[in-house]
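Visitor: The structure follows.
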Amino acid sequence: MKVLDSLKDVIEDAIHGTTVFERINALNPDYIPKNLPHREIQIRELTVNFRDILINPGSTSVRVVITGKTGTGKTVTAKKFGEIFSEIAKEKGLKIFYLHINCHRQRTLYLILMEIARQLNLQIPNRGLSSQETFKLIYDYLDKRNIQLILALDEFDYFISTSPVEDIYFLVRIYDELNALVKRIHYIFILREMSSLASLDKSIKDHVIKNIIEFHPYTSSDLFDILDDRIKTEKAFREGAVPEETIKFIADIYGVDKGGNGNARLAIETLELAGKIADTEGSPQVSIDHAKKANSKINPELSIIIDTIKDLDLHQLLVVKAIMNLHKKEGVDFFPMGRVEEEYNLVSRELGAPPRKHTQLFEYIRKLKLMGLIVARQSGKGMRGRTTLISLSVPLSTEFEDLINNEIRDKLLQQNNY
């Protein structure tokens with residue numbers, strides 16, 4: 001990094017200096033991309049459930065439940081579906097409006113009704129109206145304009161857990177209150193856990209649980225495609241600024257098949273922060289080391305992982321030290337399993353701890369991967385044969401090295417005292 005004369009120069013350089021980003025807003029949590037890799041099936045399921053309001057509008061009120069853990073694409077998929085479905089309806093001469101309401105932000109039935117009115121540009125009188133009166137105004141507005149409304153209630157779990165049962169009952173059984181023959185309001189209930197519905201009365205539950213669409217956590221391959229799409233299709237970064245190896249590294253950290261939580265939101269946040277770290281360091285590319293630094297700041301589980309290092313046994317710690325040594329010696333990010341085993345054997349003998357056999361070493365690697373302390377993946381093109389490639393998931397810092405070395409020393413002392 002270049003030396004600058006004053007703090008003003010530092011700020012000016014950061015403002016006008018080169019950047020790895022092209023359209024950083026494409027990494028925003030609220031951004032709706034053109035494509036939704038690996039959510040095409042869910043889009044199709046939503047379409048099949050809602051197509052009746054295109055074919056025979058007003059005959060029935062459609063209710064769909066979307067369920068899945070945080071970061072599995074529930075919100076963005078619902079919004080993308082609503083956007084495209086409304087466009088198709090307009091082309092057919094029909095008015096279908098999609099409204100998305102977050103129940104954690106609009107925390108009461110009153111606030112939800114006010115938000116529906118606001119998004120419809122409907123003026124509600126200031127005098128105190130009941131929920132029935134307010135919803136009647138909304139329905140009359142839809143009826144006069146021949147509008148079908150798809151209402152997505154995001155984080156509906158929160159509304160269930162905090163609202164009086166009569167408000168939940170009113171919201172999901174609105175047509176019992178309105179006595180309306182033409183059904184104009186349809187629902188997408190977005191939940192993290194289906195178990196949140198367990199406390200509901202059967203008469204309410206039966207109105208909610210009609211059609212369930214599940215969103216499973218993303219695999220590392222899925223996450224690679226999602227990140228690659230944001231980088232290339234959405235042009236979040238300048239061309240060539242993010243090497244494929246960096247994308248793979250982030251995808252492997254969070255992929256559910258690699259011991260991660262399958263959270264696309266965290267993967268995208270990590271990519272964005274890695275880019276900002278690259279900009280801070282004046283680097284033209286986002287490296288794996290930048291991704292490691294970003295992961296250490298974003299990953300909420302990383303501090304827990306670090307805390308559990310003291311629970312590792314001596315030889316598990318020696319495996320970590322071997323990988324650390326390879327990073328320092330060879331200056332690359334991933335190492336074949338055989339190379340890690342060679343370094344582990346060397347480290348173990350140097351410290352007077354006879355190395356364990358290959359099968360036991362493989363088990364150590366598996367546990368460290370499940371803990372999230374290392375990333376392991378199969379080799380691809382450019383390498384002879386198939387082998388497991390291994391890297392640390394955390395940046396190699398003096399603090400981390402000291403932690404590992406101190407734990408090894410303590411374990412050796414304990415072993416020698418027995």
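As shown in the structure tokens, the chain order sets the letters A, B, ...; within each chain, residues go from 1, and ligands are also counted from 1 in the order they appear.
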Hey, which bits of stretch 152-226 of chain A sit within 10 Å of stretch 266-288 of chain A, and for each residue what's the closest pair of atoms and how far apart in Å (one decimal), counting only C-alpha atoms, rows by chain and increasing number, as JSON lines?
Guide:
```
{"residue": "A:Leu223", "atom": "CA", "partner": "A:Ala267", "partner_atom": "CA", "distance": 7.4}
{"residue": "A:Phe224", "atom": "CA", "partner": "A:Ala267", "partner_atom": "CA", "distance": 9.3}
{"residue": "A:Ile226", "atom": "CA", "partner": "A:Ile268", "partner_atom": "CA", "distance": 8.5}
```
Visitor: Can you pull out the residues contacting A:Ile53? Cut-off 10 Å, using only C-alpha atoms, and skip same-chain residues under 4 positions away; I want them as a compact mmCIF listing (two decimals) with N, CA, C and O atoms, in the first residue's frame.
Guide:
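Contents of part_21.txt, as written:
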```
# COMPACT_ATOMS: atom_id res chain seq x y z
N ASN A 49 -49.51 -23.15 -8.14
CA ASN A 49 -50.50 -22.85 -7.10
C ASN A 49 -51.33 -21.61 -7.42
O ASN A 49 -52.51 -21.54 -7.07
N PRO A 57 -60.12 -15.91 -12.12
CA PRO A 57 -59.92 -14.99 -11.00
C PRO A 57 -61.18 -14.80 -10.16
O PRO A 57 -62.28 -14.69 -10.69
N GLY A 58 -60.97 -14.79 -8.84
CA GLY A 58 -62.08 -14.53 -7.92
C GLY A 58 -62.80 -15.74 -7.42
O GLY A 58 -63.63 -15.66 -6.51
N SER A 59 -62.48 -16.93 -7.99
CA SER A 59 -63.22 -18.14 -7.61
C SER A 59 -62.75 -18.71 -6.27
O SER A 59 -63.53 -19.35 -5.55
N THR A 60 -61.49 -18.50 -5.94
CA THR A 60 -60.96 -19.04 -4.69
C THR A 60 -59.84 -18.15 -4.17
O THR A 60 -59.25 -17.38 -4.93
N SER A 61 -59.58 -18.26 -2.88
CA SER A 61 -58.45 -17.54 -2.28
C SER A 61 -57.29 -18.52 -2.12
O SER A 61 -57.40 -19.52 -1.41
N VAL A 62 -56.18 -18.24 -2.80
CA VAL A 62 -55.03 -19.14 -2.79
C VAL A 62 -54.17 -18.84 -1.57
O VAL A 62 -53.91 -17.68 -1.24
N ALA A 89 -49.68 -11.28 -15.98
CA ALA A 89 -51.10 -10.96 -15.83
C ALA A 89 -51.45 -9.69 -16.61
O ALA A 89 -52.49 -9.62 -17.29
N LEU A 94 -55.09 -8.55 -17.17
CA LEU A 94 -55.56 -8.73 -15.81
C LEU A 94 -54.74 -7.88 -14.84
O LEU A 94 -53.56 -7.60 -15.08
N ILE A 96 -53.13 -8.01 -11.39
CA ILE A 96 -52.70 -8.77 -10.22
C ILE A 96 -51.57 -7.99 -9.56
O ILE A 96 -50.53 -7.76 -10.18
N GLN A 148 -56.73 -8.36 -8.31
CA GLN A 148 -56.41 -9.53 -7.48
C GLN A 148 -55.11 -9.22 -6.73
O GLN A 148 -54.14 -8.78 -7.35
N LEU A 149 -55.10 -9.45 -5.44
CA LEU A 149 -53.94 -9.10 -4.61
C LEU A 149 -53.27 -10.35 -4.07
O LEU A 149 -53.91 -11.18 -3.42
N ILE A 150 -51.96 -10.49 -4.35
CA ILE A 150 -51.15 -11.54 -3.71
C ILE A 150 -50.40 -10.86 -2.57
O ILE A 150 -49.56 -9.98 -2.80
N LYS A 183 -63.30 -13.62 -4.44
CA LYS A 183 -62.07 -13.68 -3.64
C LYS A 183 -60.98 -12.87 -4.33
O LYS A 183 -60.58 -13.18 -5.46
N ARG A 184 -60.52 -11.84 -3.67
CA ARG A 184 -59.53 -10.95 -4.28
C ARG A 184 -58.19 -10.94 -3.54
O ARG A 184 -57.25 -10.31 -4.00
N HIS A 186 -55.06 -13.11 -1.81
CA HIS A 186 -54.38 -14.41 -1.78
C HIS A 186 -53.10 -14.26 -0.96
O HIS A 186 -52.52 -13.17 -0.88
```
Visitor: With DSSP run on the backbone, what are the strand (DSSP E) residues within stretch 18-227 of chain A? I'd like them as number ranges by chain.
Guide: A: 63-68, 95-102, 147-154, 185-191, 211-215
Visitor: What is the distance between atom CA of A:Thr77 and atom CA of A:Arg63, in Å to one decimal?
Guide: 16.2 Å
Visitor: Using only C-alpha atoms, which of the listed residues (A:Lys357, A:Lys248, A:Lys258, A:Lys79) sits closest to A:Ala291?
Guide: A:Lys248
Visitor: Find the spatial neighbours of A:Leu392, counting only C-alpha atoms, within a cut-off of 9 Å - ignore same-chain residues fewer than 5 positions away - and output them as JSON, numbers by chain.
Guide: {"A": [292, 320, 323, 324, 327, 333, 334, 372, 373, 374, 375, 376]}
Visitor: In Å, rounded to a single decimal, give me how far atom CA of A:Leu326 is from atom CA of A:Thr359.
Guide: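 If I compute the distance from atom CA of A:Thr359 to atom CA of A:Leu326, I get 21.0 Å.
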Visitor: Taking only stretch 118-327 of chain A into account, list the residues labelled helix (DSSP H, G or I) by DSSP (computed from the backbone), as number ranges by chain.
Guide: A: 118-119, 131-144, 156-162, 165-172, 174-178, 194-197, 202-208, 220-232, 244-254, 256-258, 264-280, 288-298, 302-311, 314-327
Visitor: Which neighbours of A:Ile160 fall inside 9 Å, counting only C-alpha atoms, when residues of the same chain fewer than 2 positions from it are skipped, and could you give them as a PyMOL selection string?
Guide: chain A and resi 156-158+162-165+168+196-197+199-200
Visitor: In Å, with one decimal, what is the gap from atom CA of A:Ile390 to atom CA of A:Phe335?
Guide: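 Separation of atom CA of A:Ile390 and atom CA of A:Phe335: 5.2 Å.
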Visitor: With only C-alpha atoms as the basis for distance, which of A:Arg339, A:Leu227, A:Thr70, A:Ile174 is at the shortest distance from A:His207?
Guide: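 Checking each of A:Arg339, A:Leu227, A:Thr70, A:Ile174 against A:His207, counting only C-alpha atoms, the winner is A:Ile174.
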